[in-house]
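Beneath this line is the structure, given in structure tokens, with notes to follow.
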Amino acid sequence: QVQLVESGGELVQAGGSLRLSCAASGLTFSDYVMGWFRQAPGKKREFVASISWSAGSTLYQDSVKGRFTISRDNAKNTVYLQMNSLKPEDTAVYYCAANFSPSSRYVSPRVEEYRHWGQGTQVTVSS
């Protein structure tokens with residue numbers, strides 16, 4: 001079965017950086033669009049970034065553009081989220097998600113389009 005395991009979340013000061021990783025197994029990783037989402041206490045899960053299986057297309061939530069970078073290594077079955085200039089409002093549980101992709105450039109910000117989810121990793125940004 002498909003498993004997604006996130007890592008890299010921790011407590012960091014505002015202005016700092018973190019790199020999240022998501023290791024995938026049980027799927028042909030290069031056939032899947034990958035996404036990062038986050039959920040703060042009392043709030044809905046929201047889109048952060050998405051990357052196509054070819055890595056030729058990426059999509060970001062406006063609030064993270066220029067600060068976060070999504071990337072993937074298909075040889076390692078891993079997707080990454082590099083987060084720079086972190087702000088307290090970035091505090092949330094970050095989730096990795098995957099779905100079989102219809103095309104090499106397909107990306108999506110929609111929660112309901114991702115079939116597989118990880119358990120999440122906590123990112124806390126202190127002011």
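Labels used: A, B, ... for chains in the order of the structure tokens, numbers from 1 for residues in each chain, and numbers from 1 for ligands as shown.
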
* Per DSSP on the backbone, filter chain A down to the residues in strand (DSSP E or B) and report them as JSON, numbers by chain. => {"A": [3, 4, 5, 6, 7, 11, 12, 13, 18, 19, 20, 21, 22, 23, 24, 25, 32, 33, 34, 35, 36, 37, 38, 39, 46, 47, 48, 49, 50, 51, 58, 59, 60, 68, 69, 70, 71, 72, 73, 78, 79, 80, 81, 82, 83, 92, 93, 94, 95, 96, 97, 98, 99, 100, 116, 117, 121, 122, 123, 124, 125, 126]}

* To do: Please provide as an NGL selection string all residues within 7 Å of stretch 115-121 of chain A, with the sequence filter that same-chain residues fewer than 3 positions apart are discarded (counting only C-alpha atoms).
  => :A and (3-7 or 9 or 93-99)

* Would you please work out which residue, of A:Ser126, A:Gln82, A:Ser50, A:Thr91, is nearest to A:Ser21 when using only C-alpha atoms? =>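 The answer is A:Gln82, which sits nearest to A:Ser21.
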
* Separation of atom CA of A:Pro88 from atom CA of A:Ala24 in Å -> 28.5 Å

* Which residues come within 9 Å of stretch 29-44 of chain A, counting only C-alpha atoms, excluding same-chain residues fewer than 6 positions away, as a PyMOL selection string? -> chain A and resi 50-55+70+72+74-81+89-109+111+114+120

* To do: Calculate how many Å separate atom CA of A:Ser71 from atom CA of A:Val48, rounding to one decimal.
  => 12.8 Å

* Asked: Counting only C-alpha atoms, what is within 10 Å of A:Gly66, bar same-chain residues fewer than 2 positions away, as number ranges by chain?
  -> A: 60, 62-64, 68-69, 83-85

Since we have the selection now, will you write its residues out, keeping C-alpha atoms, as a compact mmCIF listing (two decimals), in the first residue's frame?
```txt
# COMPACT_ATOMS: atom_id res chain seq x y z
CA TYR A 60 2.35 27.77 -4.76
CA ASP A 62 0.40 33.18 -2.72
CA SER A 63 1.51 33.61 0.89
CA VAL A 64 4.52 31.32 0.44
CA PHE A 68 9.06 28.19 -0.07
CA THR A 69 10.37 25.87 -2.78
CA MET A 83 10.96 26.87 3.74
CA ASN A 84 12.85 30.13 4.19
CA SER A 85 12.01 33.38 5.97
```

* So, counting only C-alpha atoms, which residue among A:Gln122, A:Ala49, A:Thr58, A:Asp73 is closest to A:Leu18? ->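 Closest residue, counting only C-alpha atoms: A:Gln122.
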
* **Distance criterion (only C-alpha atoms): nearest to A:Lys87 out of A:Thr124, A:Thr28, A:Arg45, A:Ala23** =>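 Among A:Thr124, A:Thr28, A:Arg45, A:Ala23, it is A:Thr124 that comes nearest to A:Lys87.
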